[in-house]
Amino acid sequence: PQPKTNPMHCPKCYSTNFVKAGFSFGKQRHKCKDCNYYFSVQCKSTKKPDEVKEMAIKMYLEGLGFHAIGRLLGISYGTTVYQWVEQLGQKHQIKPDDKEQIDIVELDEIHSYTGHKKNHCWTWITIDRHTKQVLGFVCGRRDSKTFEKLYDNINPNNIKLFCSDYWKSYAEVIPNHKHLQSKDQTFTIEGYNSLIRHYLARFKRKTKCYSKSVQMIESSLNLLFAKWGGGLGYIF
């Protein structure tokens, strides 16, 4: 069988013995010294193989920041890794099941930063206590208006009981007969918050990492939750 065509091989005789021979339509041309065939590079030299992209995402979800990943893999951390996380994260958005009946849901919020360390961004998260599945999350301010977005997205009519701490926004939105407020009843989601801080550098309490935008926080959480749920696919 013929070897797979490689942009750094002669596509005619597959020789690696070639020299540069000017440009054609802005692309570098080469001349094969074995068969005298002229050819152009078929892909940009900056394009990274999917194996490198997958490794970068795996490292990111193990708690490394963009700078560390860039140094270890020898790639641009400012744009390349950032774009991969954002691109893949958008493909793994959580889609609520409108027909699923749920007995107990736990609620909590966790903070990070956007832009600078004085600009807090709160992420409201909801988890099914029995399946340990993340049902949804919303990023924004720590107020009732932001939480109400999450509450409406998870179809509250299909949930029997909501468990939360004593933050006032919960009581302002959730009906009393479906709401239990107690720190003892949020053990599942508190454990998840601890894991989020461990596996995402931008959520660590004492960190120099922070997000430039809310979209990056959302993409990061989409990837982490997809990994925990076994649904993370490395298709860019």
# chains A, B, ... in the order shown; residues from 1 in each chain; ligands from 1
>>> closest_atom_pairs(of="range 119-217 of chain A", to="range 91-111 of chain A", cutoff="7 Å", atoms="only C-alpha atoms", output="CSV")
residue,atom,partner,partner_atom,distance
A:His120,CA,A:His111,CA,6.5
A:Cys121,CA,A:His111,CA,5.6
A:Trp122,CA,A:His111,CA,4.4
A:Thr123,CA,A:Ile110,CA,5.3
A:Trp124,CA,A:Glu109,CA,4.3
A:Ile125,CA,A:Asp108,CA,5.6
A:Thr126,CA,A:Leu107,CA,4.7
A:Ile127,CA,A:Glu106,CA,5.3
A:Asp128,CA,A:Val105,CA,4.7
A:Arg129,CA,A:Val105,CA,5.7
A:Leu135,CA,A:Pro96,CA,6.3
A:Gly136,CA,A:Ile94,CA,6.2
A:Ile154,CA,A:Pro96,CA,6.0
A:Asn155,CA,A:Asp98,CA,6.3
A:Asn158,CA,A:Gln101,CA,5.0
A:Ile159,CA,A:Ile102,CA,4.8
A:Lys160,CA,A:Asp103,CA,5.0
A:Leu161,CA,A:Ile104,CA,4.9
A:Phe162,CA,A:Val105,CA,5.0
A:Cys163,CA,A:Glu106,CA,4.7
A:Ser164,CA,A:Leu107,CA,5.0
A:Thr186,CA,A:Glu106,CA,5.8
A:Ile189,CA,A:Glu106,CA,6.2
A:Asn193,CA,A:Ile110,CA,6.8
>>> select_by_dssp(residues="range 64-183 of chain A", states="strand (DSSP E or B)", output="PyMOL selection string")
chain A and resi 102-114+116-128+134-140+159-164+179-181
>>> atom_distance(atom1="CA of Val138 in chain A", atom2="CA of Ile69 in chain A")
27.1 Å
>>> select_by_dssp(residues="range 12-194 of chain A", states="helix (DSSP H, G or I)", output="PyMOL selection string")
chain A and resi 50-60+66-73+77-90+144-153+156-158+168-173+176-178+183-185+187-194
>>> closest_residue(among="A:Val52, A:Leu232, A:Cys10, A:Ala68", to="Ser40 in chain A", atoms="only C-alpha atoms")
A:Cys10
>>> closest_atom_pairs(of="range 44-146 of chain A", to="range 168-174 of chain A", cutoff="9 Å", atoms="only C-alpha atoms", output="JSON lines")
{"residue": "A:Leu107", "atom": "CA", "partner": "A:Tyr170", "partner_atom": "CA", "distance": 8.7}
{"residue": "A:Arg142", "atom": "CA", "partner": "A:Ser169", "partner_atom": "CA", "distance": 8.2}
{"residue": "A:Asp143", "atom": "CA", "partner": "A:Ser169", "partner_atom": "CA", "distance": 6.1}
{"residue": "A:Ser144", "atom": "CA", "partner": "A:Ser169", "partner_atom": "CA", "distance": 4.6}
{"residue": "A:Lys145", "atom": "CA", "partner": "A:Ser169", "partner_atom": "CA", "distance": 8.3}
>>> write_last_selection(atoms="N, CA and C atoms", output="compact mmCIF listing (two decimals), in the first residue's frame")
# COMPACT_ATOMS: atom_id res chain seq x y z
N LEU A 107 -28.57 22.46 45.40
CA LEU A 107 -28.20 23.74 44.79
C LEU A 107 -27.08 24.40 45.57
N ARG A 142 -24.57 37.16 42.11
CA ARG A 142 -25.13 36.37 43.22
C ARG A 142 -26.44 37.00 43.67
N ASP A 143 -27.44 36.94 42.77
CA ASP A 143 -28.73 37.53 43.09
C ASP A 143 -29.85 36.63 42.59
N SER A 144 -31.06 36.97 42.97
CA SER A 144 -32.22 36.13 42.65
C SER A 144 -32.50 36.08 41.15
N LYS A 145 -32.21 37.17 40.45
CA LYS A 145 -32.47 37.21 39.02
C LYS A 145 -31.62 36.18 38.28
>>> residues_around(residues="Ala21 in chain A", least_positions_apart="2", cutoff="7 Å", atoms="only C-alpha atoms", output="short mmCIF file (atom, residue, chain, number, x, y, z; two decimals) with all heavy atoms, in the first residue's frame")
data_model
loop_
_atom_site.label_atom_id
_atom_site.label_comp_id
_atom_site.auth_asym_id
_atom_site.auth_seq_id
_atom_site.Cartn_x
_atom_site.Cartn_y
_atom_site.Cartn_z
N VAL A 19 13.76 20.79 -1.81
CA VAL A 19 14.25 22.13 -1.45
C VAL A 19 13.15 23.14 -1.72
O VAL A 19 12.20 22.87 -2.46
CB VAL A 19 15.51 22.49 -2.28
CG1 VAL A 19 16.67 21.60 -1.92
CG2 VAL A 19 15.21 22.44 -3.77
N PHE A 23 7.26 30.78 -4.07
CA PHE A 23 5.91 30.76 -3.53
C PHE A 23 4.90 30.70 -4.68
O PHE A 23 5.14 31.18 -5.78
CB PHE A 23 5.64 32.02 -2.70
CG PHE A 23 6.42 32.06 -1.41
CD1 PHE A 23 7.70 32.56 -1.38
CD2 PHE A 23 5.85 31.58 -0.23
CE1 PHE A 23 8.43 32.59 -0.20
CE2 PHE A 23 6.57 31.61 0.95
CZ PHE A 23 7.86 32.12 0.96
N ARG A 29 6.42 26.84 -2.07
CA ARG A 29 6.57 25.74 -3.03
C ARG A 29 7.87 25.01 -2.79
O ARG A 29 8.85 25.58 -2.29
CB ARG A 29 6.54 26.28 -4.47
CG ARG A 29 5.14 26.57 -4.97
CD ARG A 29 5.15 27.20 -6.35
NE ARG A 29 5.86 26.41 -7.34
CZ ARG A 29 5.32 25.37 -8.00
NH1 ARG A 29 4.07 25.03 -7.75
NH2 ARG A 29 6.02 24.70 -8.89
N HIS A 30 7.88 23.73 -3.12
CA HIS A 30 9.08 22.91 -2.98
C HIS A 30 9.35 22.16 -4.28
O HIS A 30 8.44 21.89 -5.07
CB HIS A 30 8.92 21.90 -1.84
CG HIS A 30 8.77 22.53 -0.50
ND1 HIS A 30 7.54 22.97 -0.02
CD2 HIS A 30 9.68 22.83 0.45
CE1 HIS A 30 7.71 23.48 1.19
NE2 HIS A 30 8.99 23.41 1.50
N LYS A 31 10.62 21.81 -4.49
CA LYS A 31 11.01 20.98 -5.63
C LYS A 31 11.64 19.70 -5.12
O LYS A 31 12.61 19.74 -4.34
CB LYS A 31 11.99 21.73 -6.53
CG LYS A 31 12.48 20.89 -7.72
CD LYS A 31 13.54 21.63 -8.53
CE LYS A 31 14.04 20.77 -9.68
NZ LYS A 31 15.10 21.43 -10.47
#
>>> closest_residue(among="A:Phe187, A:Tyr82, A:Phe236, A:Tyr38", to="Gly65 in chain A", atoms="only C-alpha atoms")
A:Tyr82
>>> residues_around(residues="Glu62 in chain A", least_positions_apart="4", cutoff="10 Å", atoms="only C-alpha atoms", output="mmCIF file with N, CA, C and O atoms, in the first residue's frame")
data_model
loop_
_atom_site.group_PDB
_atom_site.id
_atom_site.type_symbol
_atom_site.label_atom_id
_atom_site.label_comp_id
_atom_site.auth_asym_id
_atom_site.auth_seq_id
_atom_site.Cartn_x
_atom_site.Cartn_y
_atom_site.Cartn_z
ATOM 1 N N ALA A 56 -3.790 18.746 25.400
ATOM 2 C CA ALA A 56 -3.946 20.061 26.020
ATOM 3 C C ALA A 56 -5.234 20.126 26.842
ATOM 4 O O ALA A 56 -5.240 20.657 27.962
ATOM 5 N N ILE A 57 -6.331 19.583 26.307
ATOM 6 C CA ILE A 57 -7.601 19.583 27.028
ATOM 7 C C ILE A 57 -7.502 18.711 28.282
ATOM 8 O O ILE A 57 -7.986 19.094 29.364
ATOM 9 N N LYS A 58 -6.872 17.557 28.168
ATOM 10 C CA LYS A 58 -6.716 16.670 29.321
ATOM 11 C C LYS A 58 -5.889 17.342 30.414
ATOM 12 O O LYS A 58 -6.216 17.230 31.608
ATOM 13 N N HIS A 198 -10.410 21.966 42.489
ATOM 14 C CA HIS A 198 -9.198 21.161 42.336
ATOM 15 C C HIS A 198 -8.801 20.990 40.870
ATOM 16 O O HIS A 198 -7.620 21.062 40.526
ATOM 17 N N TYR A 199 -9.786 20.772 39.990
ATOM 18 C CA TYR A 199 -9.496 20.411 38.602
ATOM 19 C C TYR A 199 -9.504 21.573 37.620
ATOM 20 O O TYR A 199 -9.099 21.401 36.476
ATOM 21 N N LEU A 200 -9.978 22.747 38.027
ATOM 22 C CA LEU A 200 -9.945 23.918 37.151
ATOM 23 C C LEU A 200 -9.168 25.034 37.843
ATOM 24 O O LEU A 200 -9.594 25.539 38.884
ATOM 25 N N ALA A 201 -8.043 25.414 37.233
ATOM 26 C CA ALA A 201 -7.149 26.385 37.865
ATOM 27 C C ALA A 201 -7.836 27.704 38.144
ATOM 28 O O ALA A 201 -7.565 28.365 39.145
ATOM 29 N N LEU A 224 -15.598 19.977 31.939
ATOM 30 C CA LEU A 224 -15.395 19.205 33.169
ATOM 31 C C LEU A 224 -16.595 18.326 33.476
ATOM 32 O O LEU A 224 -16.449 17.143 33.812
#
>>> residues_around(residues="Ser219 in chain A", least_positions_apart="2", cutoff="7 Å", atoms="only C-alpha atoms", output="list in words")
Val85, Glu86, Gly89, Gln90, Gln215, Met216, Ile217, Leu221, Asn222 and Leu223 of chain A
>>> closest_residue(among="A:Ile196, A:Cys139, A:Leu180, A:Val81", to="Gly63 in chain A", atoms="only C-alpha atoms")
A:Ile196
>>> decode(residues="range 131-158 of chain A", atoms="N, CA, C and O atoms", output="PDB file, in the first residue's frame")
ATOM      1  N   THR A 131     -28.308  10.483  41.097  1.00  0.00           N
ATOM      2  CA  THR A 131     -27.497  10.105  39.939  1.00  0.00           C
ATOM      3  C   THR A 131     -26.159  10.831  39.897  1.00  0.00           C
ATOM      4  O   THR A 131     -25.281  10.465  39.114  1.00  0.00           O
ATOM      5  N   LYS A 132     -26.008  11.876  40.739  1.00  0.00           N
ATOM      6  CA  LYS A 132     -24.804  12.713  40.764  1.00  0.00           C
ATOM      7  C   LYS A 132     -24.592  13.452  39.449  1.00  0.00           C
ATOM      8  O   LYS A 132     -23.491  13.899  39.141  1.00  0.00           O
ATOM      9  N   GLN A 133     -25.640  13.610  38.672  1.00  0.00           N
ATOM     10  CA  GLN A 133     -25.551  14.280  37.381  1.00  0.00           C
ATOM     11  C   GLN A 133     -25.779  15.777  37.538  1.00  0.00           C
ATOM     12  O   GLN A 133     -26.693  16.202  38.236  1.00  0.00           O
ATOM     13  N   VAL A 134     -24.930  16.561  36.896  1.00  0.00           N
ATOM     14  CA  VAL A 134     -25.117  18.013  36.885  1.00  0.00           C
ATOM     15  C   VAL A 134     -26.249  18.345  35.922  1.00  0.00           C
ATOM     16  O   VAL A 134     -26.176  18.037  34.738  1.00  0.00           O
ATOM     17  N   LEU A 135     -27.297  18.955  36.423  1.00  0.00           N
ATOM     18  CA  LEU A 135     -28.476  19.245  35.608  1.00  0.00           C
ATOM     19  C   LEU A 135     -28.361  20.570  34.864  1.00  0.00           C
ATOM     20  O   LEU A 135     -29.022  20.770  33.843  1.00  0.00           O
ATOM     21  N   GLY A 136     -27.551  21.458  35.375  1.00  0.00           N
ATOM     22  CA  GLY A 136     -27.383  22.744  34.710  1.00  0.00           C
ATOM     23  C   GLY A 136     -26.622  23.724  35.584  1.00  0.00           C
ATOM     24  O   GLY A 136     -26.406  23.485  36.772  1.00  0.00           O
ATOM     25  N   PHE A 137     -26.216  24.825  34.987  1.00  0.00           N
ATOM     26  CA  PHE A 137     -25.549  25.896  35.738  1.00  0.00           C
ATOM     27  C   PHE A 137     -25.728  27.212  35.000  1.00  0.00           C
ATOM     28  O   PHE A 137     -25.980  27.234  33.792  1.00  0.00           O
ATOM     29  N   VAL A 138     -25.602  28.289  35.736  1.00  0.00           N
ATOM     30  CA  VAL A 138     -25.713  29.637  35.173  1.00  0.00           C
ATOM     31  C   VAL A 138     -24.652  30.513  35.818  1.00  0.00           C
ATOM     32  O   VAL A 138     -24.434  30.435  37.032  1.00  0.00           O
ATOM     33  N   CYS A 139     -23.994  31.348  35.025  1.00  0.00           N
ATOM     34  CA  CYS A 139     -22.979  32.267  35.531  1.00  0.00           C
ATOM     35  C   CYS A 139     -23.522  33.690  35.542  1.00  0.00           C
ATOM     36  O   CYS A 139     -24.270  34.088  34.648  1.00  0.00           O
ATOM     37  N   GLY A 140     -23.141  34.431  36.563  1.00  0.00           N
ATOM     38  CA  GLY A 140     -23.597  35.819  36.646  1.00  0.00           C
ATOM     39  C   GLY A 140     -23.387  36.374  38.040  1.00  0.00           C
ATOM     40  O   GLY A 140     -22.396  36.067  38.707  1.00  0.00           O
ATOM     41  N   ARG A 141     -24.355  37.154  38.497  1.00  0.00           N
ATOM     42  CA  ARG A 141     -24.257  37.769  39.817  1.00  0.00           C
ATOM     43  C   ARG A 141     -24.869  36.860  40.875  1.00  0.00           C
ATOM     44  O   ARG A 141     -25.588  35.913  40.566  1.00  0.00           O
ATOM     45  N   ARG A 142     -24.573  37.161  42.108  1.00  0.00           N
ATOM     46  CA  ARG A 142     -25.126  36.367  43.218  1.00  0.00           C
ATOM     47  C   ARG A 142     -26.442  36.996  43.673  1.00  0.00           C
ATOM     48  O   ARG A 142     -26.577  37.482  44.795  1.00  0.00           O
ATOM     49  N   ASP A 143     -27.444  36.942  42.767  1.00  0.00           N
ATOM     50  CA  ASP A 143     -28.725  37.533  43.091  1.00  0.00           C
ATOM     51  C   ASP A 143     -29.849  36.626  42.594  1.00  0.00           C
ATOM     52  O   ASP A 143     -29.635  35.634  41.893  1.00  0.00           O
ATOM     53  N   SER A 144     -31.059  36.966  42.972  1.00  0.00           N
ATOM     54  CA  SER A 144     -32.222  36.135  42.651  1.00  0.00           C
ATOM     55  C   SER A 144     -32.501  36.084  41.155  1.00  0.00           C
ATOM     56  O   SER A 144     -32.960  35.064  40.634  1.00  0.00           O
ATOM     57  N   LYS A 145     -32.213  37.170  40.449  1.00  0.00           N
ATOM     58  CA  LYS A 145     -32.470  37.206  39.017  1.00  0.00           C
ATOM     59  C   LYS A 145     -31.617  36.183  38.276  1.00  0.00           C
ATOM     60  O   LYS A 145     -32.084  35.499  37.356  1.00  0.00           O
ATOM     61  N   THR A 146     -30.357  36.050  38.684  1.00  0.00           N
ATOM     62  CA  THR A 146     -29.470  35.067  38.053  1.00  0.00           C
ATOM     63  C   THR A 146     -29.907  33.651  38.395  1.00  0.00           C
ATOM     64  O   THR A 146     -29.963  32.783  37.521  1.00  0.00           O
ATOM     65  N   PHE A 147     -30.233  33.411  39.666  1.00  0.00           N
ATOM     66  CA  PHE A 147     -30.658  32.071  40.055  1.00  0.00           C
ATOM     67  C   PHE A 147     -31.963  31.668  39.369  1.00  0.00           C
ATOM     68  O   PHE A 147     -32.167  30.506  39.024  1.00  0.00           O
ATOM     69  N   GLU A 148     -32.828  32.630  39.155  1.00  0.00           N
ATOM     70  CA  GLU A 148     -34.111  32.338  38.516  1.00  0.00           C
ATOM     71  C   GLU A 148     -33.919  31.780  37.100  1.00  0.00           C
ATOM     72  O   GLU A 148     -34.705  30.958  36.634  1.00  0.00           O
ATOM     73  N   LYS A 149     -32.861  32.224  36.417  1.00  0.00           N
ATOM     74  CA  LYS A 149     -32.562  31.685  35.092  1.00  0.00           C
ATOM     75  C   LYS A 149     -32.274  30.191  35.175  1.00  0.00           C
ATOM     76  O   LYS A 149     -32.758  29.404  34.360  1.00  0.00           O
ATOM     77  N   LEU A 150     -31.479  29.801  36.164  1.00  0.00           N
ATOM     78  CA  LEU A 150     -31.171  28.384  36.352  1.00  0.00           C
ATOM     79  C   LEU A 150     -32.411  27.609  36.742  1.00  0.00           C
ATOM     80  O   LEU A 150     -32.670  26.516  36.214  1.00  0.00           O
ATOM     81  N   TYR A 151     -33.193  28.169  37.629  1.00  0.00           N
ATOM     82  CA  TYR A 151     -34.407  27.500  38.111  1.00  0.00           C
ATOM     83  C   TYR A 151     -35.376  27.221  36.968  1.00  0.00           C
ATOM     84  O   TYR A 151     -35.958  26.135  36.877  1.00  0.00           O
ATOM     85  N   ASP A 152     -35.535  28.156  36.078  1.00  0.00           N
ATOM     86  CA  ASP A 152     -36.443  27.975  34.947  1.00  0.00           C
ATOM     87  C   ASP A 152     -35.891  26.984  33.917  1.00  0.00           C
ATOM     88  O   ASP A 152     -36.657  26.278  33.257  1.00  0.00           O
ATOM     89  N   ASN A 153     -34.569  26.918  33.784  1.00  0.00           N
ATOM     90  CA  ASN A 153     -33.956  26.056  32.778  1.00  0.00           C
ATOM     91  C   ASN A 153     -34.061  24.571  33.108  1.00  0.00           C
ATOM     92  O   ASN A 153     -34.049  23.729  32.203  1.00  0.00           O
ATOM     93  N   ILE A 154     -34.153  24.232  34.381  1.00  0.00           N
ATOM     94  CA  ILE A 154     -34.132  22.815  34.767  1.00  0.00           C
ATOM     95  C   ILE A 154     -35.536  22.227  34.920  1.00  0.00           C
ATOM     96  O   ILE A 154     -35.689  21.113  35.422  1.00  0.00           O
ATOM     97  N   ASN A 155     -36.550  22.952  34.499  1.00  0.00           N
ATOM     98  CA  ASN A 155     -37.933  22.469  34.545  1.00  0.00           C
ATOM     99  C   ASN A 155     -38.331  22.067  35.982  1.00  0.00           C
ATOM    100  O   ASN A 155     -38.446  20.883  36.312  1.00  0.00           O
ATOM    101  N   PRO A 156     -38.548  23.037  36.865  1.00  0.00           N
ATOM    102  CA  PRO A 156     -38.818  22.757  38.283  1.00  0.00           C
ATOM    103  C   PRO A 156     -40.078  21.935  38.543  1.00  0.00           C
ATOM    104  O   PRO A 156     -40.205  21.317  39.606  1.00  0.00           O
ATOM    105  N   ASN A 157     -41.000  21.881  37.603  1.00  0.00           N
ATOM    106  CA  ASN A 157     -42.226  21.105  37.797  1.00  0.00           C
ATOM    107  C   ASN A 157     -41.953  19.603  37.888  1.00  0.00           C
ATOM    108  O   ASN A 157     -42.772  18.850  38.418  1.00  0.00           O
ATOM    109  N   ASN A 158     -40.799  19.175  37.386  1.00  0.00           N
ATOM    110  CA  ASN A 158     -40.449  17.753  37.414  1.00  0.00           C
ATOM    111  C   ASN A 158     -39.569  17.389  38.604  1.00  0.00           C
ATOM    112  O   ASN A 158     -39.082  16.266  38.699  1.00  0.00           O
TER     113      ASN A 158
END
